[in-house]
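Let me begin by presenting the structure, written as structure tokens, before commenting on it.
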Amino acid sequence: MSGRHETTSAGEARQDERRAERQITALFLLSSASAIALAIVYMRGGQPQLEGLFLGIALGGVACGLVIWGNRLLPQGPFVDDRHELASPAAEVEAAEEGLKQEGAVTRRKLVGRSLGLAVGGLGLAALFPIRSLGPSPGQALARTPWRSGLRLITEDGRPVRADDVPREGLVTVFPEGHPGSADGQAVLIRLTPGLLVAKPGREDWTPQDIVAYSKICTHAGCPVGLYEATSHLLLCPCHQSTFDVLRHAKPEIGPAAAPLPQLPLRIDPEGFLVAQGDFSEPVGPSFWHRQ
Amino acid sequence: MLALLVTAVIFDPAPAAVAGQPSTTVSPDVRNVYLADCGVCHGSDGRGTGRGPPLVGVGRASLDYELSSGRMPLAGVGRADDRPGTPLQPLPNKAASDPEMVPRRHAPAYPPELISQLVDHVWTLTGGGGPDIPHIGEGNLAEGGALFRLQCAACHSWAGDGGALVRIESPALHSATEVQIAEAIRVGPGQMPAFGTAALTDEQLAGVVAYVRYLDRPDDRGGEPLWHLGPFAEGALALVAVAGLLLFVRWIGERG
């Protein structure tokens, strides 16, 4: 298992160490180059696969270098140390000092040590760049979505949704007009069987023809709430099974979500298309620090 | 295993009723079958009873789906025990309706021609209306895949193998015929919501159907699919890999 070779002469041992040093230095240099490449990719807008690759090479280079260092350059045990006088004999001290002055353990490791410093320093530098990404403050962006009064409801491929095309207990994933595929604007639209809906006070005119729309983003962890049980009228989140009661303003029934799904006020325009009356009733998505 | 094979053999030529010509004459046979097997719960006029919902306006797609997938007739006309995929076993004394009884896929109770006649008969009896049996045209497989992941995968899982809901499970899709898939999308049987033309155009519907068929034999580009068991199996394998990594780390730290 030992990476150490049995050598017959001191010369061979020295050559072996030199080779190991070269390998270690090369690995550390590769690591620092990779860390710099990571910083550059991040600064230029980022690309997840490339960033992962460079971070992997940077960390892996340091790790492989340290493993080779440990296995090939550090003295290998086991060591038996007999009890002896605490102070070394004068001749031994002298010999040791002499040894240090010559090309020896300390000076020989200088290059390797410096390249390790370079590798770790490069990684540290690359880690500084994401600090800039903490700003600027999101402001009101978390509280608003693209929904405005008068915007039509469209499907992901941009077709406006006509109320008559939604069958009873039918489900459509809708987006605000002009923002197909909008992440925070997506909503789930359901035409309920008439007479079942229990409107929250103040929301009586939000549901023309018993058609309701709620934000599709779970208030727990932001997954798309896509499971609808048509006979029990429950909307489920596939991630952690938060369950919302569609008949009662999507209030949470079971599971980790604490807040109801925000509701989208609807009306039907003279041409029969579904139109929003305004933005969602609350900010969408998982609860955050100053969500009202 | 043998039972499975037998089931598969019985199951394979699942009938797909042709969207067809309105039957002008109702043969006495069909009327008798309706009164004997369906009318018990849905009423002799199809307007429902205390035991079963009305069939008015459900449409031919719904009727064909329930009959051709063996979900109807339910236990009332005789099923010894509810074993999905098996043929009906006559047992007239079974309770007509049981709240726990969920319609499940079985071998169809009637031959395809009789199903087609029954569909026409009930549809005419209840005054028509509702979605017709869909015609499946050419669909775009890639678009169908995107729509499947957006609208179907939450319940039926990314591989179409079904999954858990609140009290029941959503079924796997591999044994449904193309017509049944399209009918279920448009009609929304049981707990499933309906997807009308607002949610999916007819071309998109064909794409989704093509993708569900593709899921029977997917082209696993990610490498070893682990029998499509999903994230649980993949997690278990990851644990084994982590154990291997631990052995490797031990080797690194070993000396001497």
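Each chain in the structure tokens gets a letter, A, B and so on, in the order shown; residues start at 1 in every chain, and ligands are counted from 1 in the order they appear.
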
Rows by chain and residue number, chain B within 9 Å of chain A, shortest pair, only C-alpha atoms, as CSV:
```
residue,atom,partner,partner_atom,distance
B:Leu150,CA,A:Gly226,CA,8.1
B:Gln151,CA,A:Gly226,CA,7.0
B:Cys152,CA,A:Gly226,CA,8.3
B:Ala153,CA,A:Gly226,CA,8.5
B:Ala154,CA,A:Gly226,CA,5.6
B:Cys155,CA,A:Leu227,CA,5.7
B:Leu165,CA,A:Glu229,CA,7.8
B:Val166,CA,A:Leu236,CA,8.2
B:Arg186,CA,A:Pro167,CA,8.5
B:Val187,CA,A:Pro167,CA,8.4
B:Gly188,CA,A:Gly170,CA,7.5
B:Pro189,CA,A:Ala230,CA,8.8
B:Gly190,CA,A:Thr231,CA,6.9
B:Gln191,CA,A:Ala230,CA,4.5
B:Met192,CA,A:Ala230,CA,5.6
B:Pro193,CA,A:Gly170,CA,5.1
B:Ala194,CA,A:Gly170,CA,4.1
B:Phe195,CA,A:Gly170,CA,5.3
B:Gly196,CA,A:Val166,CA,5.3
B:Thr197,CA,A:Asp165,CA,5.5
B:Ala198,CA,A:Asp165,CA,5.0
B:Ala199,CA,A:Val172,CA,4.9
B:Leu200,CA,A:Val172,CA,8.5
B:Trp251,CA,A:Met1,CA,7.7
B:Ile252,CA,A:Val67,CA,6.8
B:Gly253,CA,A:Val67,CA,8.3
B:Glu254,CA,A:Met1,CA,7.7
B:Arg255,CA,A:Ser2,CA,6.3
B:Gly256,CA,A:Gly77,CA,5.7
```

Helix (DSSP H, G or I) call set, DSSP backbone run, region 12-209 of chain A, as a JSON list (two decimals) with C-alpha atoms, in the first residue's frame:
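Output (part.json):
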```
[["chain", "number", "residue", "atom", "x", "y", "z"],
["A", 12, "GLU", "CA", 17.91, 6.81, -6.42],
["A", 13, "ALA", "CA", 16.05, 7.98, -3.35],
["A", 14, "ARG", "CA", 17.02, 11.57, -4.12],
["A", 15, "GLN", "CA", 15.85, 11.21, -7.73],
["A", 16, "ASP", "CA", 12.58, 9.79, -6.54],
["A", 17, "GLU", "CA", 12.01, 12.73, -4.23],
["A", 18, "ARG", "CA", 12.82, 15.20, -7.01],
["A", 19, "ARG", "CA", 10.19, 13.58, -9.21],
["A", 20, "ALA", "CA", 7.63, 13.77, -6.44],
["A", 21, "GLU", "CA", 8.42, 17.44, -5.87],
["A", 22, "ARG", "CA", 7.97, 18.21, -9.53],
["A", 23, "GLN", "CA", 4.62, 16.43, -9.55],
["A", 24, "ILE", "CA", 3.42, 18.27, -6.45],
["A", 25, "THR", "CA", 4.51, 21.65, -7.77],
["A", 26, "ALA", "CA", 2.81, 20.97, -11.09],
["A", 27, "LEU", "CA", -0.42, 20.02, -9.31],
["A", 28, "PHE", "CA", -0.39, 23.15, -7.13],
["A", 29, "LEU", "CA", 0.30, 25.37, -10.13],
["A", 30, "LEU", "CA", -2.51, 23.69, -12.06],
["A", 31, "SER", "CA", -4.77, 24.32, -9.09],
["A", 32, "SER", "CA", -3.97, 28.03, -8.90],
["A", 33, "ALA", "CA", -4.37, 28.42, -12.67],
["A", 34, "SER", "CA", -7.74, 26.73, -12.39],
["A", 35, "ALA", "CA", -8.78, 29.02, -9.52],
["A", 36, "ILE", "CA", -7.91, 32.06, -11.62],
["A", 37, "ALA", "CA", -9.89, 30.61, -14.54],
["A", 38, "LEU", "CA", -12.81, 30.12, -12.15],
["A", 39, "ALA", "CA", -12.66, 33.77, -11.09],
["A", 40, "ILE", "CA", -12.57, 34.89, -14.73],
["A", 41, "VAL", "CA", -15.54, 32.71, -15.72],
["A", 42, "TYR", "CA", -17.51, 33.97, -12.71],
["A", 43, "MET", "CA", -16.71, 37.60, -13.53],
["A", 48, "PRO", "CA", -22.27, 26.48, -14.06],
["A", 49, "GLN", "CA", -20.58, 23.50, -15.76],
["A", 50, "LEU", "CA", -17.31, 25.37, -16.39],
["A", 51, "GLU", "CA", -17.30, 26.83, -12.89],
["A", 52, "GLY", "CA", -17.84, 23.39, -11.41],
["A", 53, "LEU", "CA", -15.04, 21.97, -13.53],
["A", 54, "PHE", "CA", -12.56, 24.68, -12.54],
["A", 55, "LEU", "CA", -13.50, 24.52, -8.86],
["A", 56, "GLY", "CA", -13.11, 20.73, -9.03],
["A", 57, "ILE", "CA", -9.64, 21.01, -10.60],
["A", 58, "ALA", "CA", -8.58, 23.72, -8.13],
["A", 59, "LEU", "CA", -9.62, 21.75, -5.05],
["A", 60, "GLY", "CA", -8.58, 18.40, -6.53],
["A", 61, "GLY", "CA", -5.11, 19.74, -7.43],
["A", 62, "VAL", "CA", -4.47, 20.85, -3.86],
["A", 63, "ALA", "CA", -5.80, 17.53, -2.54],
["A", 64, "CYS", "CA", -3.74, 15.34, -4.89],
["A", 65, "GLY", "CA", -0.63, 17.44, -4.22],
["A", 66, "LEU", "CA", -1.03, 17.05, -0.47],
["A", 67, "VAL", "CA", -1.60, 13.30, -0.78],
["A", 68, "ILE", "CA", 1.58, 12.84, -2.84],
["A", 69, "TRP", "CA", 3.45, 15.07, -0.40],
["A", 70, "GLY", "CA", 2.29, 13.00, 2.50],
["A", 71, "ASN", "CA", 3.03, 9.67, 0.86],
["A", 72, "ARG", "CA", 6.31, 10.35, -0.91],
["A", 73, "LEU", "CA", 8.17, 13.16, 0.86],
["A", 90, "ALA", "CA", 27.28, 18.84, 20.84],
["A", 91, "ALA", "CA", 28.50, 16.99, 17.76],
["A", 92, "GLU", "CA", 24.96, 16.12, 16.75],
["A", 93, "VAL", "CA", 23.78, 19.71, 17.13],
["A", 94, "GLU", "CA", 26.60, 20.87, 14.97],
["A", 95, "ALA", "CA", 25.89, 18.26, 12.35],
["A", 96, "ALA", "CA", 22.24, 19.26, 12.28],
["A", 97, "GLU", "CA", 23.05, 22.94, 11.86],
["A", 98, "GLU", "CA", 25.44, 22.01, 9.11],
["A", 99, "GLY", "CA", 22.76, 19.97, 7.44],
["A", 100, "LEU", "CA", 20.30, 22.85, 7.56],
["A", 101, "LYS", "CA", 22.76, 25.16, 5.90],
["A", 105, "ALA", "CA", 14.94, 19.43, 4.17],
["A", 106, "VAL", "CA", 13.94, 23.07, 4.60],
["A", 107, "THR", "CA", 15.29, 24.69, 1.46],
["A", 108, "ARG", "CA", 14.30, 21.80, -0.73],
["A", 110, "LYS", "CA", 10.61, 25.90, -0.38],
["A", 111, "LEU", "CA", 9.33, 25.58, -3.94],
["A", 112, "VAL", "CA", 6.64, 23.11, -2.98],
["A", 113, "GLY", "CA", 5.54, 25.27, -0.03],
["A", 114, "ARG", "CA", 5.35, 28.40, -2.15],
["A", 115, "SER", "CA", 3.34, 26.72, -4.86],
["A", 116, "LEU", "CA", 0.91, 25.48, -2.20],
["A", 117, "GLY", "CA", 0.59, 29.08, -1.00],
["A", 118, "LEU", "CA", -0.12, 30.16, -4.56],
["A", 119, "ALA", "CA", -2.80, 27.49, -4.99],
["A", 120, "VAL", "CA", -4.59, 28.31, -1.72],
["A", 121, "GLY", "CA", -4.21, 32.05, -2.36],
["A", 122, "GLY", "CA", -5.72, 31.65, -5.84],
["A", 123, "LEU", "CA", -8.71, 29.83, -4.43],
["A", 124, "GLY", "CA", -9.14, 32.47, -1.74],
["A", 125, "LEU", "CA", -9.07, 35.17, -4.39],
["A", 126, "ALA", "CA", -11.66, 33.36, -6.49],
["A", 127, "ALA", "CA", -13.88, 33.09, -3.41],
["A", 128, "LEU", "CA", -13.84, 36.88, -3.00],
["A", 129, "PHE", "CA", -15.68, 37.55, -6.27],
["A", 130, "PRO", "CA", -19.10, 36.17, -5.21],
["A", 131, "ILE", "CA", -19.16, 38.80, -2.41],
["A", 132, "ARG", "CA", -19.92, 41.37, -5.11],
["A", 163, "ALA", "CA", -62.83, 30.70, -20.31],
["A", 164, "ASP", "CA", -64.93, 28.35, -22.46],
["A", 165, "ASP", "CA", -61.86, 26.24, -23.32],
["A", 204, "GLU", "CA", -66.09, 37.31, -4.02],
["A", 205, "ASP", "CA", -65.65, 38.85, -7.49],
["A", 206, "TRP", "CA", -62.24, 37.31, -8.16],
["A", 208, "PRO", "CA", -65.81, 34.43, -12.63],
["A", 209, "GLN", "CA", -67.64, 31.18, -13.60]]
```

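Selecting strand (DSSP E or B) from the backbone DSSP output for region 101-253 of chain B yields Gly163, Ala164, Glu169, Ser170 and Ala194 of chain B.
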
Using the selection just defined, write its residues with N, CA and C atoms as a PDB file, in the first residue's frame.
```pdb
ATOM      1  N   GLY B 163     -47.387   7.667  -9.070  1.00  0.00           N
ATOM      2  CA  GLY B 163     -46.824   8.144  -7.808  1.00  0.00           C
ATOM      3  C   GLY B 163     -47.913   8.313  -6.779  1.00  0.00           C
ATOM      4  N   ALA B 164     -47.541   8.798  -5.598  1.00  0.00           N
ATOM      5  CA  ALA B 164     -48.468   8.896  -4.482  1.00  0.00           C
ATOM      6  C   ALA B 164     -49.239  10.207  -4.524  1.00  0.00           C
ATOM      7  N   GLU B 169     -53.035   6.398  -5.157  1.00  0.00           N
ATOM      8  CA  GLU B 169     -51.858   6.624  -5.994  1.00  0.00           C
ATOM      9  C   GLU B 169     -52.306   6.925  -7.412  1.00  0.00           C
ATOM     10  N   SER B 170     -51.501   7.681  -8.145  1.00  0.00           N
ATOM     11  CA  SER B 170     -51.819   7.914  -9.552  1.00  0.00           C
ATOM     12  C   SER B 170     -51.193   6.760 -10.337  1.00  0.00           C
ATOM     13  N   ALA B 194     -59.071  17.706 -15.740  1.00  0.00           N
ATOM     14  CA  ALA B 194     -59.195  17.643 -17.193  1.00  0.00           C
ATOM     15  C   ALA B 194     -58.280  18.685 -17.820  1.00  0.00           C
TER      16      ALA B 194
END
```

Computed gap from CA of Asp64 (chain B) to CA of Ile115 (chain B) is 7.1 Å

Could you pull the residues within 12 Å of Ile133 (chain B), counting only C-alpha atoms, minus those fewer than 5 positions along the same chain, as a short mmCIF file (atom, residue, chain, number, x, y, z; two decimals) with all heavy atoms, in the first residue's frame?
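So the final result, stored in around19.cif, reads:
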```cif
data_model
loop_
_atom_site.label_atom_id
_atom_site.label_comp_id
_atom_site.auth_asym_id
_atom_site.auth_seq_id
_atom_site.Cartn_x
_atom_site.Cartn_y
_atom_site.Cartn_z
N ALA B 16 -59.49 -0.29 -28.63
CA ALA B 16 -59.61 1.15 -28.81
C ALA B 16 -60.83 1.36 -29.69
O ALA B 16 -60.79 1.10 -30.88
CB ALA B 16 -58.36 1.68 -29.49
N ALA B 17 -61.87 1.81 -29.06
CA ALA B 17 -63.10 1.99 -29.82
C ALA B 17 -62.91 3.10 -30.84
O ALA B 17 -62.28 4.10 -30.57
CB ALA B 17 -64.25 2.33 -28.88
N VAL B 18 -63.41 2.88 -32.01
CA VAL B 18 -63.24 3.86 -33.07
C VAL B 18 -64.27 4.97 -32.88
O VAL B 18 -65.45 4.70 -32.64
CB VAL B 18 -63.45 3.18 -34.43
CG1 VAL B 18 -63.20 4.17 -35.56
CG2 VAL B 18 -62.56 1.97 -34.55
N ALA B 19 -63.79 6.21 -32.97
CA ALA B 19 -64.72 7.33 -32.90
C ALA B 19 -65.64 7.18 -34.09
O ALA B 19 -65.20 7.21 -35.23
CB ALA B 19 -63.96 8.63 -32.99
N GLY B 20 -66.86 6.97 -33.81
CA GLY B 20 -67.60 6.47 -34.95
C GLY B 20 -68.94 7.08 -35.25
O GLY B 20 -69.33 8.12 -34.77
N GLN B 21 -69.56 6.32 -36.07
CA GLN B 21 -70.84 6.68 -36.63
C GLN B 21 -71.89 6.53 -35.54
O GLN B 21 -71.86 5.59 -34.78
CB GLN B 21 -71.17 5.73 -37.79
CG GLN B 21 -69.98 5.39 -38.70
CD GLN B 21 -68.96 4.43 -38.08
OE1 GLN B 21 -69.26 3.65 -37.20
NE2 GLN B 21 -67.71 4.53 -38.53
N VAL B 58 -71.21 13.52 -20.01
CA VAL B 58 -69.82 13.15 -19.75
C VAL B 58 -69.03 12.98 -21.05
O VAL B 58 -67.81 13.10 -21.05
CB VAL B 58 -69.69 11.85 -18.90
CG1 VAL B 58 -70.27 12.05 -17.53
CG2 VAL B 58 -70.32 10.68 -19.60
N GLY B 59 -69.75 12.71 -22.14
CA GLY B 59 -69.07 12.61 -23.43
C GLY B 59 -68.60 11.19 -23.72
O GLY B 59 -68.40 10.38 -22.83
N ARG B 60 -68.43 10.93 -25.04
CA ARG B 60 -68.04 9.58 -25.46
C ARG B 60 -66.62 9.25 -25.03
O ARG B 60 -66.29 8.09 -24.79
CB ARG B 60 -68.19 9.47 -26.98
CG ARG B 60 -69.64 9.47 -27.39
CD ARG B 60 -69.85 10.04 -28.79
NE ARG B 60 -69.02 9.38 -29.75
CZ ARG B 60 -69.49 8.70 -30.78
NH1 ARG B 60 -70.79 8.58 -30.94
NH2 ARG B 60 -68.68 8.18 -31.65
N ALA B 61 -65.76 10.25 -24.94
CA ALA B 61 -64.37 9.98 -24.54
C ALA B 61 -64.34 9.34 -23.16
O ALA B 61 -63.66 8.35 -22.92
CB ALA B 61 -63.57 11.28 -24.54
N SER B 62 -65.14 9.92 -22.24
CA SER B 62 -65.16 9.42 -20.88
C SER B 62 -65.73 8.00 -20.83
O SER B 62 -65.18 7.11 -20.18
CB SER B 62 -65.99 10.36 -20.01
OG SER B 62 -66.05 9.88 -18.71
N LEU B 63 -66.85 7.79 -21.55
CA LEU B 63 -67.48 6.47 -21.56
C LEU B 63 -66.51 5.42 -22.10
O LEU B 63 -66.32 4.35 -21.52
CB LEU B 63 -68.75 6.50 -22.42
CG LEU B 63 -69.87 7.42 -21.92
CD1 LEU B 63 -70.92 7.62 -23.02
CD2 LEU B 63 -70.51 6.82 -20.68
N ASP B 64 -65.86 5.75 -23.21
CA ASP B 64 -64.94 4.79 -23.83
C ASP B 64 -63.75 4.52 -22.92
O ASP B 64 -63.29 3.38 -22.79
CB ASP B 64 -64.47 5.34 -25.18
CG ASP B 64 -63.56 4.35 -25.88
OD1 ASP B 64 -64.03 3.22 -26.12
OD2 ASP B 64 -62.40 4.69 -26.16
N TYR B 65 -63.26 5.56 -22.26
CA TYR B 65 -62.11 5.40 -21.37
C TYR B 65 -62.45 4.43 -20.24
O TYR B 65 -61.72 3.47 -19.98
CB TYR B 65 -61.69 6.75 -20.79
CG TYR B 65 -60.61 6.62 -19.75
CD1 TYR B 65 -59.28 6.53 -20.13
CD2 TYR B 65 -60.92 6.55 -18.40
CE1 TYR B 65 -58.28 6.37 -19.19
CE2 TYR B 65 -59.93 6.39 -17.45
CZ TYR B 65 -58.61 6.31 -17.85
OH TYR B 65 -57.63 6.14 -16.92
N GLU B 66 -63.57 4.67 -19.57
CA GLU B 66 -63.92 3.85 -18.41
C GLU B 66 -64.16 2.40 -18.79
O GLU B 66 -63.75 1.48 -18.09
CB GLU B 66 -65.18 4.41 -17.73
CG GLU B 66 -65.04 5.84 -17.20
CD GLU B 66 -64.15 5.95 -15.97
OE1 GLU B 66 -63.80 4.90 -15.40
OE2 GLU B 66 -63.79 7.08 -15.58
N SER B 68 -63.16 0.76 -21.75
CA SER B 68 -62.07 0.06 -22.43
C SER B 68 -60.90 -0.19 -21.49
O SER B 68 -60.10 -1.09 -21.72
CB SER B 68 -61.61 0.85 -23.66
OG SER B 68 -60.94 2.02 -23.26
N SER B 116 -67.99 -0.25 -28.06
CA SER B 116 -68.31 0.84 -28.98
C SER B 116 -69.83 1.05 -29.04
O SER B 116 -70.32 2.19 -29.04
CB SER B 116 -67.71 0.49 -30.34
OG SER B 116 -68.35 1.18 -31.34
N VAL B 119 -71.01 2.66 -25.74
CA VAL B 119 -70.68 4.09 -25.71
C VAL B 119 -71.73 4.88 -26.48
O VAL B 119 -72.28 5.88 -25.98
CB VAL B 119 -69.27 4.32 -26.31
CG1 VAL B 119 -69.03 5.80 -26.56
CG2 VAL B 119 -68.19 3.75 -25.39
N ASP B 120 -72.04 4.39 -27.69
CA ASP B 120 -73.04 5.09 -28.51
C ASP B 120 -74.40 5.09 -27.83
O ASP B 120 -75.11 6.10 -27.82
CB ASP B 120 -73.14 4.42 -29.88
CG ASP B 120 -71.96 4.77 -30.76
OD1 ASP B 120 -71.31 5.80 -30.45
OD2 ASP B 120 -71.70 4.04 -31.72
N TRP B 123 -74.43 7.43 -24.81
CA TRP B 123 -74.30 8.81 -25.27
C TRP B 123 -75.63 9.32 -25.83
O TRP B 123 -76.06 10.44 -25.53
CB TRP B 123 -73.21 8.87 -26.35
CG TRP B 123 -72.82 10.23 -26.75
CD1 TRP B 123 -72.17 11.16 -25.99
CD2 TRP B 123 -73.04 10.84 -28.02
NE1 TRP B 123 -71.97 12.30 -26.71
CE2 TRP B 123 -72.49 12.14 -27.97
CE3 TRP B 123 -73.64 10.42 -29.22
CZ2 TRP B 123 -72.52 13.01 -29.05
CZ3 TRP B 123 -73.67 11.29 -30.29
CH2 TRP B 123 -73.11 12.57 -30.19
N GLU B 178 -53.00 4.44 -26.63
CA GLU B 178 -52.86 5.85 -27.02
C GLU B 178 -54.19 6.58 -26.91
O GLU B 178 -54.25 7.72 -26.43
CB GLU B 178 -52.32 5.94 -28.45
CG GLU B 178 -50.93 5.38 -28.55
CD GLU B 178 -50.24 5.71 -29.85
OE1 GLU B 178 -50.91 6.27 -30.75
OE2 GLU B 178 -49.05 5.39 -29.97
N VAL B 179 -55.27 5.92 -27.34
CA VAL B 179 -56.59 6.56 -27.28
C VAL B 179 -56.97 6.80 -25.82
O VAL B 179 -57.48 7.88 -25.47
CB VAL B 179 -57.64 5.69 -27.99
CG1 VAL B 179 -59.03 6.28 -27.81
CG2 VAL B 179 -57.32 5.56 -29.47
N GLN B 180 -56.68 5.83 -24.96
CA GLN B 180 -57.02 6.00 -23.53
C GLN B 180 -56.25 7.16 -22.91
O GLN B 180 -56.78 7.92 -22.10
CB GLN B 180 -56.73 4.70 -22.77
CG GLN B 180 -57.75 3.60 -23.06
CD GLN B 180 -57.28 2.25 -22.55
OE1 GLN B 180 -56.17 2.10 -22.05
NE2 GLN B 180 -58.14 1.26 -22.69
N ILE B 181 -54.97 7.30 -23.29
CA ILE B 181 -54.17 8.41 -22.76
C ILE B 181 -54.82 9.74 -23.16
O ILE B 181 -55.03 10.63 -22.33
CB ILE B 181 -52.72 8.34 -23.28
CG1 ILE B 181 -52.03 7.07 -22.80
CG2 ILE B 181 -51.93 9.56 -22.84
CD1 ILE B 181 -50.77 6.74 -23.55
N ALA B 182 -55.14 9.85 -24.45
CA ALA B 182 -55.74 11.09 -24.95
C ALA B 182 -57.09 11.35 -24.28
O ALA B 182 -57.39 12.49 -23.90
CB ALA B 182 -55.89 11.01 -26.47
N GLU B 183 -57.88 10.30 -24.11
CA GLU B 183 -59.19 10.46 -23.46
C GLU B 183 -59.03 10.94 -22.02
O GLU B 183 -59.72 11.86 -21.57
CB GLU B 183 -59.94 9.12 -23.47
CG GLU B 183 -60.49 8.72 -24.83
CD GLU B 183 -60.95 7.27 -24.88
OE1 GLU B 183 -60.62 6.49 -23.97
OE2 GLU B 183 -61.63 6.92 -25.86
N ALA B 184 -58.09 10.31 -21.30
CA ALA B 184 -57.89 10.69 -19.90
C ALA B 184 -57.47 12.15 -19.79
O ALA B 184 -57.92 12.87 -18.89
CB ALA B 184 -56.85 9.79 -19.27
N ILE B 185 -56.60 12.61 -20.70
CA ILE B 185 -56.14 14.01 -20.65
C ILE B 185 -57.33 14.96 -20.84
O ILE B 185 -57.51 15.92 -20.09
CB ILE B 185 -55.09 14.25 -21.74
CG1 ILE B 185 -53.81 13.48 -21.42
CG2 ILE B 185 -54.80 15.73 -21.89
CD1 ILE B 185 -52.78 13.49 -22.52
N ARG B 186 -58.18 14.67 -21.83
CA ARG B 186 -59.30 15.56 -22.13
C ARG B 186 -60.40 15.50 -21.07
O ARG B 186 -61.05 16.50 -20.78
CB ARG B 186 -59.89 15.22 -23.49
CG ARG B 186 -59.04 15.68 -24.68
CD ARG B 186 -59.07 17.19 -24.79
NE ARG B 186 -58.41 17.66 -26.00
CZ ARG B 186 -57.39 18.51 -26.01
NH1 ARG B 186 -56.90 18.96 -24.87
NH2 ARG B 186 -56.86 18.91 -27.13
N VAL B 187 -60.59 14.31 -20.46
CA VAL B 187 -61.76 14.08 -19.61
C VAL B 187 -61.43 14.27 -18.14
O VAL B 187 -62.23 14.80 -17.37
CB VAL B 187 -62.29 12.65 -19.87
CG1 VAL B 187 -63.25 12.25 -18.78
CG2 VAL B 187 -62.94 12.56 -21.23
#
```

| said: Using only C-alpha atoms, which protein or nucleic acid residues come within 10 Å of region 228-232 of chain B? Drop anything in the same chain fewer than 2 positions from it, and give the result as an MDAnalysis selection string. | reply: chainID B and resid 157:161 218 220 224:226 234:238
